[in-house]
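J.: Structure: upload.txt, compact mmCIF, C-alpha atoms.
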```
# COMPACT_ATOMS: atom_id res chain seq x y z
CA MET E 1 143.86 183.99 145.92
CA THR E 2 140.56 182.12 145.89
CA SER E 3 139.96 182.92 149.55
CA MET E 4 140.52 186.62 148.85
CA THR E 5 137.98 186.53 146.06
CA SER E 6 135.39 184.77 148.20
CA LEU E 7 136.02 187.24 151.06
CA ARG E 8 135.54 190.13 148.67
CA THR E 9 132.30 188.57 147.40
CA VAL E 10 131.01 188.17 150.94
CA CYS E 11 131.93 191.78 151.77
CA LEU E 12 130.18 193.01 148.66
CA ALA E 13 127.11 190.97 149.51
CA ILE E 14 127.04 192.35 153.05
CA ALA E 15 127.47 195.89 151.73
CA ALA E 16 124.69 195.38 149.21
CA ILE E 17 122.35 194.09 151.92
CA ALA E 18 123.27 196.98 154.23
CA VAL E 19 122.67 199.56 151.51
CA SER E 20 119.36 198.00 150.54
CA LEU E 21 118.24 197.95 154.19
CA ALA E 22 119.36 201.54 154.73
CA LEU E 23 117.56 202.78 151.65
CA SER E 24 114.43 200.75 152.24
CA GLY E 25 113.11 203.57 154.50
CA CYS E 26 113.24 205.97 151.57
CA GLY E 27 110.63 203.91 149.79
CA GLU E 28 108.13 204.11 152.66
CA ARG E 29 104.75 205.28 151.50
CA PRO E 30 102.75 207.82 153.53
CA GLN E 31 100.36 206.13 155.92
CA VAL E 32 98.15 209.12 156.75
CA ILE E 33 94.49 208.18 156.49
CA ASN E 34 92.38 210.27 154.19
CA TYR E 35 89.04 210.59 155.91
CA LYS E 36 86.05 210.59 153.64
CA GLN E 37 82.83 212.34 154.45
CA GLY E 38 80.14 209.77 155.12
CA HIS E 39 76.91 209.72 153.19
CA TYR E 40 73.58 209.02 154.77
CA GLN E 41 72.70 205.38 154.28
CA GLY E 42 69.21 205.35 155.76
CA LYS E 43 65.71 205.86 154.46
CA PRO E 44 64.76 209.16 152.80
CA ASP E 45 62.66 211.67 154.73
CA THR E 46 60.07 214.07 153.42
CA PRO E 47 59.97 217.81 154.17
CA ALA E 48 57.75 218.90 157.06
CA TYR E 49 55.32 220.72 154.75
CA SER E 50 54.79 217.88 152.28
CA ASN E 51 51.75 216.37 153.98
CA PRO E 52 48.39 217.69 155.23
CA PRO E 53 47.55 220.28 156.45
CA PHE E 54 50.12 222.03 154.24
CA ASN E 55 50.08 219.66 151.24
CA GLY E 56 53.40 220.85 149.89
CA ASN E 57 52.68 224.54 150.40
CA ARG E 58 56.01 225.60 151.80
CA GLN E 59 55.10 229.27 152.02
CA GLN E 60 52.10 228.57 154.23
CA TRP E 61 54.18 226.33 156.46
CA GLU E 62 56.90 228.96 156.80
CA HIS E 63 54.27 231.57 157.65
CA GLU E 64 52.85 229.31 160.35
CA ILE E 65 56.28 228.63 161.85
CA ASP E 66 57.22 232.31 161.69
CA SER E 67 54.05 233.40 163.50
CA ARG E 68 54.79 230.85 166.22
CA ASN E 69 58.36 232.12 166.33
CA GLN E 70 57.21 235.67 166.87
CA ALA E 71 54.74 234.57 169.55
CA GLN E 72 57.75 233.74 171.70
CA ASN E 73 58.58 237.43 171.90
CA GLU E 74 56.29 238.82 174.58
CA TYR E 75 57.63 242.33 173.99
CA VAL E 76 55.67 242.12 170.72
CA ARG E 77 52.83 239.92 171.96
CA LEU E 78 52.06 242.01 175.06
CA ARG E 79 53.03 245.45 173.76
CA ASP E 80 51.53 248.19 175.96
CA MET Y 81 65.12 228.50 154.57
CA ALA Y 82 65.41 228.33 158.25
CA ARG Y 83 68.21 226.96 160.33
CA MET Y 84 66.36 225.60 163.32
CA LYS Y 85 68.09 226.28 166.63
CA PHE Y 86 67.45 226.35 170.37
CA LEU Y 87 68.46 229.27 172.56
CA CYS Y 88 68.16 229.20 176.35
CA ASP Y 89 68.12 232.48 178.25
CA ALA Y 90 69.95 231.76 181.52
CA GLU Y 91 68.56 234.96 183.10
CA ARG Y 92 65.03 233.63 182.72
CA CYS Y 93 65.33 229.88 183.31
CA ILE Y 94 63.94 229.05 186.74
CA GLU Y 95 64.78 225.32 186.66
CA CYS Y 96 61.12 224.33 186.67
CA ASN Y 97 61.86 221.39 184.33
CA SER Y 98 58.63 221.98 182.40
CA CYS Y 99 60.63 221.62 179.16
CA VAL Y 100 61.80 218.19 180.30
CA THR Y 101 58.27 217.18 181.28
CA ALA Y 102 56.75 218.54 178.07
CA CYS Y 103 59.29 216.60 175.98
CA LYS Y 104 58.73 213.35 177.85
CA GLN Y 105 54.99 213.68 177.64
CA GLU Y 106 54.88 214.77 174.00
CA HIS Y 107 56.99 211.90 172.70
CA ASP Y 108 56.12 209.22 175.24
CA ILE Y 109 59.78 208.89 176.16
CA PRO Y 110 60.65 205.74 178.15
CA TRP Y 111 62.05 205.82 181.65
CA GLY Y 112 65.78 206.47 181.72
CA VAL Y 113 65.91 208.49 178.51
CA ASN Y 114 66.12 212.27 178.76
CA ARG Y 115 66.14 214.02 175.45
CA ARG Y 116 66.24 217.31 177.35
CA ARG Y 117 67.43 218.21 180.83
CA VAL Y 118 68.08 221.30 182.90
CA VAL Y 119 71.62 221.92 184.11
CA THR Y 120 72.19 224.30 187.03
CA LEU Y 121 75.49 225.92 187.83
CA ASN Y 122 76.24 226.98 191.42
CA ASP Y 123 73.04 225.33 192.59
CA GLY Y 124 71.76 226.84 195.84
CA VAL Y 125 74.23 229.71 195.76
CA PRO Y 126 72.90 233.24 195.15
CA GLY Y 127 73.39 233.95 191.48
CA GLU Y 128 72.86 230.36 190.35
CA ARG Y 129 72.13 229.91 186.67
CA SER Y 130 70.14 227.20 184.95
CA ILE Y 131 70.10 226.26 181.32
CA SER Y 132 68.02 223.75 179.41
CA VAL Y 133 70.14 221.45 177.27
CA ALA Y 134 69.27 219.01 174.48
CA CYS Y 135 70.60 218.30 171.01
CA MET Y 136 71.72 221.66 169.63
CA HIS Y 137 71.35 220.53 166.01
CA CYS Y 138 74.90 221.60 165.26
CA SER Y 139 75.72 223.07 161.88
CA ASP Y 140 78.82 220.83 161.76
CA ALA Y 141 77.56 217.96 163.89
CA PRO Y 142 80.28 215.69 165.36
CA CYS Y 143 77.80 212.84 165.77
CA MET Y 144 77.35 212.76 162.00
CA ALA Y 145 81.11 212.68 161.51
CA VAL Y 146 81.79 209.73 163.81
CA CYS Y 147 78.81 207.49 163.04
CA PRO Y 148 80.23 204.25 161.56
CA VAL Y 149 76.98 203.35 159.80
CA ASP Y 150 76.16 206.89 158.58
CA CYS Y 151 72.68 206.88 160.04
CA PHE Y 152 72.57 210.67 160.60
CA TYR Y 153 71.21 213.21 158.18
CA LYS Y 154 70.30 216.86 158.27
CA ASN Y 155 66.97 217.94 156.86
CA GLU Y 156 66.49 221.11 154.86
CA ASP Y 157 65.70 223.09 158.00
CA GLY Y 158 69.03 222.21 159.59
CA VAL Y 159 67.61 219.67 162.03
CA VAL Y 160 69.96 216.75 162.74
CA LEU Y 161 68.01 213.49 162.62
CA HIS Y 162 68.89 209.81 162.42
CA ASP Y 163 67.52 206.53 161.14
CA LYS Y 164 66.89 204.16 164.02
CA ASP Y 165 66.61 201.19 161.68
CA LEU Y 166 70.27 201.69 160.80
CA CYS Y 167 71.63 202.64 164.23
CA ILE Y 168 73.69 199.90 165.88
CA GLY Y 169 73.81 201.57 169.32
CA CYS Y 170 77.62 201.74 169.37
CA GLY Y 171 77.68 204.95 171.39
CA TYR Y 172 80.31 206.80 169.30
CA CYS Y 173 77.91 209.71 168.90
CA PHE Y 174 77.56 209.93 172.68
CA TYR Y 175 81.33 210.30 173.07
CA ALA Y 176 81.53 212.83 170.25
CA CYS Y 177 78.63 215.04 171.35
CA PRO Y 178 79.74 217.97 173.55
CA PHE Y 179 76.22 218.28 175.01
CA GLY Y 180 75.57 214.65 175.96
CA ALA Y 181 72.50 214.65 173.76
CA PRO Y 182 72.44 211.03 172.51
CA GLN Y 183 70.57 208.76 174.89
CA PHE Y 184 70.57 204.97 175.01
CA PRO Y 185 67.65 203.09 176.48
CA GLN Y 186 68.55 200.09 178.60
CA THR Y 187 67.03 197.14 176.79
CA GLY Y 188 67.90 194.34 179.18
CA ALA Y 189 68.79 193.40 182.71
CA PHE Y 190 72.51 193.45 181.87
CA GLY Y 191 72.66 197.03 180.64
CA VAL Y 192 72.58 196.24 176.94
CA ARG Y 193 72.36 199.47 174.98
CA GLY Y 194 69.44 200.03 172.67
CA LYS Y 195 69.33 202.22 169.62
CA MET Y 196 70.25 205.83 170.13
CA ASP Y 197 67.48 208.30 170.95
CA LYS Y 198 67.81 212.06 170.92
CA CYS Y 199 65.94 215.32 170.50
CA THR Y 200 64.43 215.57 167.01
CA PHE Y 201 63.40 219.24 167.29
CA CYS Y 202 59.93 217.66 167.19
CA ALA Y 203 60.59 216.86 163.51
CA GLY Y 204 60.07 213.10 163.64
CA GLY Y 205 62.34 210.97 161.48
CA PRO Y 206 62.58 209.01 158.23
CA GLU Y 207 59.10 207.50 158.40
CA PRO Y 208 55.87 208.79 156.87
CA ASP Y 209 55.02 212.09 158.56
CA ARG Y 210 52.67 211.81 161.55
CA SER Y 211 52.42 208.02 161.15
CA GLN Y 212 52.25 205.55 164.01
CA ALA Y 213 55.69 204.20 163.04
CA GLU Y 214 57.17 207.69 163.23
CA PHE Y 215 55.65 208.34 166.63
CA ALA Y 216 56.83 205.00 168.01
CA LYS Y 217 60.41 205.49 166.86
CA TYR Y 218 60.99 209.22 166.98
CA GLY Y 219 58.05 210.85 168.71
CA ARG Y 220 55.55 213.38 167.54
CA ASN Y 221 56.24 215.43 164.42
CA ARG Y 222 55.13 218.91 165.48
CA LEU Y 223 56.98 220.69 162.68
CA ALA Y 224 54.77 218.85 160.18
CA GLU Y 225 51.80 220.30 162.07
CA GLY Y 226 53.24 223.81 161.75
CA LYS Y 227 54.22 223.94 165.41
CA LEU Y 228 57.48 224.56 167.22
CA PRO Y 229 59.05 222.07 169.66
CA ALA Y 230 56.91 221.35 172.71
CA CYS Y 231 59.69 222.22 175.19
CA ALA Y 232 59.97 225.80 173.94
CA GLU Y 233 56.25 226.32 173.54
CA MET Y 234 55.61 225.03 177.06
CA CYS Y 235 58.39 227.08 178.69
CA SER Y 236 56.65 229.10 181.38
CA THR Y 237 59.11 232.01 181.37
CA LYS Y 238 59.96 231.77 177.67
CA ALA Y 239 63.56 231.19 178.64
CA LEU Y 240 63.83 228.48 176.02
CA LEU Y 241 63.40 229.78 172.50
CA ALA Y 242 63.18 227.56 169.45
CA GLY Y 243 62.92 228.29 165.77
CA ASP Y 244 64.86 229.91 162.98
CA GLY Y 245 68.22 230.88 164.45
CA GLU Y 246 68.09 234.38 163.06
CA VAL Y 247 64.59 235.08 164.40
CA ILE Y 248 65.25 233.82 167.91
CA ALA Y 249 68.57 235.69 168.02
CA ASN Y 250 66.61 238.87 167.22
CA ILE Y 251 64.06 238.07 169.94
CA TYR Y 252 66.87 237.61 172.45
CA ARG Y 253 68.54 240.83 171.35
CA ASP Y 254 65.24 242.71 171.69
CA ARG Y 255 64.82 241.22 175.16
CA VAL Y 256 68.26 242.30 176.35
CA THR Y 257 67.66 245.79 174.99
CA HIS Y 258 64.41 246.08 176.95
CA ARG Y 259 65.44 244.59 180.23
CA GLY Y 260 68.98 245.82 180.53
CA LYS Y 261 71.76 243.69 181.86
CA GLY Y 262 73.14 242.43 185.16
CA GLY Y 263 71.39 243.97 188.17
CA GLU Y 264 68.95 245.88 185.96
CA VAL Y 265 67.26 242.61 185.08
CA TRP Y 266 65.83 242.12 188.54
CA GLY Y 267 63.80 244.27 190.89
CA TRP Y 268 60.41 245.72 191.65
CA ALA Y 269 60.24 247.98 188.62
CA THR Y 270 61.09 245.19 186.23
CA ALA Y 271 58.40 242.97 187.68
CA TYR Y 272 55.58 245.48 188.21
CA LYS Y 273 56.41 248.57 186.16
CA VAL Y 274 55.88 251.14 188.91
CA PRO Y 275 54.14 254.19 187.41
CA THR Y 276 55.99 257.48 187.67
CA ALA Y 277 54.65 261.05 188.02
CA THR Y 278 54.67 261.40 184.23
CA GLY Y 279 52.39 258.41 183.95
CA GLY Y 280 54.70 256.16 181.99
CA GLY Y 281 56.13 252.89 183.16
CA ALA Y 282 59.33 253.12 185.11
CA GLN Y 283 62.58 252.23 183.45
CA PRO Y 284 64.48 249.42 185.06
CA GLY Y 285 67.39 250.60 187.14
CA ASN Y 286 66.11 254.17 187.54
CA VAL Y 287 63.13 253.91 189.86
CA PRO Y 288 62.24 255.23 193.28
CA PRO Y 289 61.22 252.42 195.65
CA ALA Y 290 57.50 251.74 195.59
CA PRO Y 291 55.40 251.85 198.76
CA ASN Y 292 55.44 248.49 200.54
CA ALA Y 293 58.09 247.33 198.13
CA PRO Y 294 60.37 244.62 199.43
CA PRO Y 295 64.00 245.55 199.88
CA PRO Y 296 66.12 245.09 196.77
CA PRO Y 297 68.06 241.88 196.53
CA PRO Y 298 71.69 241.95 197.63
CA SER Y 299 74.04 242.94 194.86
CA GLY Y 300 75.91 239.66 195.24
CA GLY Y 301 72.84 237.84 193.98
CA THR Y 302 73.18 238.98 190.42
CA LYS Y 303 75.81 238.61 187.85
CA SER Y 304 77.47 241.79 186.64
```
Translate the structure described by the file into structure tokens.
T.:
Amino acid sequence: MTSMTSLRTVCLAIAAIAVSLALSGCGERPQVINYKQGHYQGKPDTPAYSNPPFNGNRQQWEHEIDSRNQAQNEYVRLRD
Amino acid sequence: MARMKFLCDAERCIECNSCVTACKQEHDIPWGVNRRRVVTLNDGVPGERSISVACMHCSDAPCMAVCPVDCFYKNEDGVVLHDKDLCIGCGYCFYACPFGAPQFPQTGAFGVRGKMDKCTFCAGGPEPDRSQAEFAKYGRNRLAEGKLPACAEMCSTKALLAGDGEVIANIYRDRVTHRGKGGEVWGWATAYKVPTATGGGAQPGNVPPAPNAPPPPPSGGTKS
């Protein structure tokens, strides 16, 4: 009688371990990495127009760049 | 404002490498570092095409995404720049870049990589504008002088265009409209504008052969 009880206890223990092992996969947490956008860690830079000869005059700087841009178009530059 | 971009017209590039030379001279680039280079496809075969390649200052730059120390930034004109004081020379950006733009100077006899160097669109870097420190680390800051990159301004055939993406796209469109496409691009009339009986310049692709004109190039020499 005692041996039957101990056998039953062992079986129950084995079953409990098996069930816990089988179900342990259900508790797995997702391991997908969430990438985060990096942020610049270096020194700050100033805009191109902030110093002489433009002294912060963005409009003048843009005008200068635009005229140089257009000078690349020889159909305008050398119009006959 | 502007989104600064490069555009290379493969029909015009003659592989003269003046853009490469201008870049090296302008920024005092050390031996072994090529911020810009000319790539030729089908070299020596009729119909070969050359294109000048450097950092394309991508709108969604992969180098910025992979940098482990986040040393890249994009200025308000869309130019991708980096802080050399932060760069560790790991080379991730080189693997990520589809254009092979990042360059690494050899700093020792055993091939130790230095800090990354690349085209700055002649916009310097995070140092006081037009300072000695900026020139030593990043080269000349031509944008701060109101000038475009030296490579484009020195291009002898104006194959390489630089500036606001929208403006240079319009220039290229205007160019294609004027010159035609494929075989119309080349020929005596395109080069010399042979006058017609009406007095106007000849239209490419619709011209009688001029006296003493060389024979037209074989049709296999141009791309359709």
J.: What's the separation between CA of Asn114 (chain Y) and CA of Ala224 (chain Y), in Å to one decimal place?
T.: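 Here the two named atoms are 22.7 Å from each other.
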J.: Work out how far apart CA of Ser98 (chain Y) and CA of Tyr49 (chain E) are and give it in Å to one decimal.
T.: 27.9 Å
J.: Leaving out region 58-62 of chain E and any residue of its chain fewer than 4 positions from it, which residues lie within 10 Å of it when counting all atoms listed in the file, given as a list in words?
T.: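 Final neighbour list, sorted by chain and number: Pro47, Ala48, Tyr49, Ser50, Pro53, Phe54, Asp66, Ser67 and Arg68 of chain E; Met81, Ala82, Leu223, Ala224, Glu225, Gly226 and Lys227 of chain Y.
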J.: Between CA of Lys195 (chain Y) and CA of Gly169 (chain Y), measure the distance and give it in Å to one decimal.
T.: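 About the pair CA of Lys195 (chain Y) and CA of Gly169 (chain Y): they are 4.5 Å apart.
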J.: Output as a PyMOL selection string the set of chain Y residues within 9 Å of chain E, with distances taken over all atoms listed in the file.
T.: chain Y and resi 81-82+144-153+155-157+162-166+203+205-210+221-228+232-233+238+241-244+247-248+251-252+254-255+258
J.: Pull the neighbourhood of (69.6, 218.7, 186.8) for me: all residues within 10 Å in file coordinates, counting only C-alpha atoms, as a PyMOL selection string.
T.: chain Y and resi 95+97+117-121+123+130-133
J.: Please provide as a list in words all residues within 9 Å of Arg193 (chain Y), with the sequence filter that same-chain residues fewer than 2 positions apart are discarded (counting all atoms listed in the file).
T.: Gly169, Cys170, Gly171, Phe184, Pro185, Gln186, Thr187, Gly188, Gly191, Lys195 and Met196 of chain Y
J.: Build an axis-aligned box that encloses every atom of region 183-192 of chain Y listed in the file, pad it by 8 Å on each side, and report its centre and edge lengths in Å to one decimal, as lines of an AutoDock Vina configuration file.
T.:
```
center_x = 69.8
center_y = 201.1
center_z = 178.8
size_x = 21.6
size_y = 31.4
size_z = 23.8
```
J.: Any idea what's packed within 12 Å of Gln105 (chain Y), counting only C-alpha atoms, ignoring anything in its chain fewer than 2 positions away? Could you give it as a list of chain:residue names?
T.: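 Listed by chain and then number, they are Y:Ser98, Y:Cys99, Y:Val100, Y:Thr101, Y:Ala102, Y:Cys103, Y:His107, Y:Asp108, Y:Ile109, Y:Pro110, Y:Trp111, Y:Asn114, Y:Arg115, Y:Arg116, Y:Gly219, Y:Arg220, Y:Ala230, Y:Cys231, Y:Met234.
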J.: Would you kindly place N, CA and C atoms on region 26-40 of chain E and return the model as a PDB file, keeping the file's coordinate frame?
T.:
```pdb
ATOM      1  N   CYS E  26     113.551 204.904 152.526  1.00  0.00           N
ATOM      2  CA  CYS E  26     113.240 205.970 151.570  1.00  0.00           C
ATOM      3  C   CYS E  26     112.013 205.614 150.733  1.00  0.00           C
ATOM      4  N   GLY E  27     111.770 204.326 150.600  1.00  0.00           N
ATOM      5  CA  GLY E  27     110.630 203.910 149.790  1.00  0.00           C
ATOM      6  C   GLY E  27     109.335 203.804 150.555  1.00  0.00           C
ATOM      7  N   GLU E  28     109.341 204.243 151.833  1.00  0.00           N
ATOM      8  CA  GLU E  28     108.130 204.110 152.660  1.00  0.00           C
ATOM      9  C   GLU E  28     107.020 205.024 152.130  1.00  0.00           C
ATOM     10  N   ARG E  29     105.868 204.477 152.004  1.00  0.00           N
ATOM     11  CA  ARG E  29     104.750 205.280 151.500  1.00  0.00           C
ATOM     12  C   ARG E  29     104.027 205.957 152.656  1.00  0.00           C
ATOM     13  N   PRO E  30     103.469 207.133 152.429  1.00  0.00           N
ATOM     14  CA  PRO E  30     102.750 207.820 153.530  1.00  0.00           C
ATOM     15  C   PRO E  30     101.570 206.990 154.033  1.00  0.00           C
ATOM     16  N   GLN E  31     101.417 206.962 155.349  1.00  0.00           N
ATOM     17  CA  GLN E  31     100.360 206.130 155.920  1.00  0.00           C
ATOM     18  C   GLN E  31      99.250 206.965 156.575  1.00  0.00           C
ATOM     19  N   VAL E  32      99.186 208.262 156.197  1.00  0.00           N
ATOM     20  CA  VAL E  32      98.150 209.120 156.750  1.00  0.00           C
ATOM     21  C   VAL E  32      96.807 208.758 156.120  1.00  0.00           C
ATOM     22  N   ILE E  33      95.814 208.593 156.982  1.00  0.00           N
ATOM     23  CA  ILE E  33      94.490 208.180 156.490  1.00  0.00           C
ATOM     24  C   ILE E  33      93.771 209.387 155.915  1.00  0.00           C
ATOM     25  N   ASN E  34      93.212 209.219 154.758  1.00  0.00           N
ATOM     26  CA  ASN E  34      92.380 210.270 154.190  1.00  0.00           C
ATOM     27  C   ASN E  34      90.925 209.985 154.561  1.00  0.00           C
ATOM     28  N   TYR E  35      90.418 210.802 155.479  1.00  0.00           N
ATOM     29  CA  TYR E  35      89.040 210.590 155.910  1.00  0.00           C
ATOM     30  C   TYR E  35      88.073 211.034 154.818  1.00  0.00           C
ATOM     31  N   LYS E  36      87.063 210.233 154.636  1.00  0.00           N
ATOM     32  CA  LYS E  36      86.050 210.590 153.640  1.00  0.00           C
ATOM     33  C   LYS E  36      84.752 210.931 154.361  1.00  0.00           C
ATOM     34  N   GLN E  37      84.106 211.950 153.882  1.00  0.00           N
ATOM     35  CA  GLN E  37      82.830 212.340 154.450  1.00  0.00           C
ATOM     36  C   GLN E  37      81.804 211.238 154.207  1.00  0.00           C
ATOM     37  N   GLY E  38      81.127 210.828 155.269  1.00  0.00           N
ATOM     38  CA  GLY E  38      80.140 209.770 155.120  1.00  0.00           C
ATOM     39  C   GLY E  38      78.893 210.270 154.399  1.00  0.00           C
ATOM     40  N   HIS E  39      78.183 209.380 153.839  1.00  0.00           N
ATOM     41  CA  HIS E  39      76.910 209.720 153.190  1.00  0.00           C
ATOM     42  C   HIS E  39      75.806 208.955 153.883  1.00  0.00           C
ATOM     43  N   TYR E  40      74.722 209.621 154.078  1.00  0.00           N
ATOM     44  CA  TYR E  40      73.580 209.020 154.770  1.00  0.00           C
ATOM     45  C   TYR E  40      73.150 207.734 154.072  1.00  0.00           C
TER      46      TYR E  40
END
```
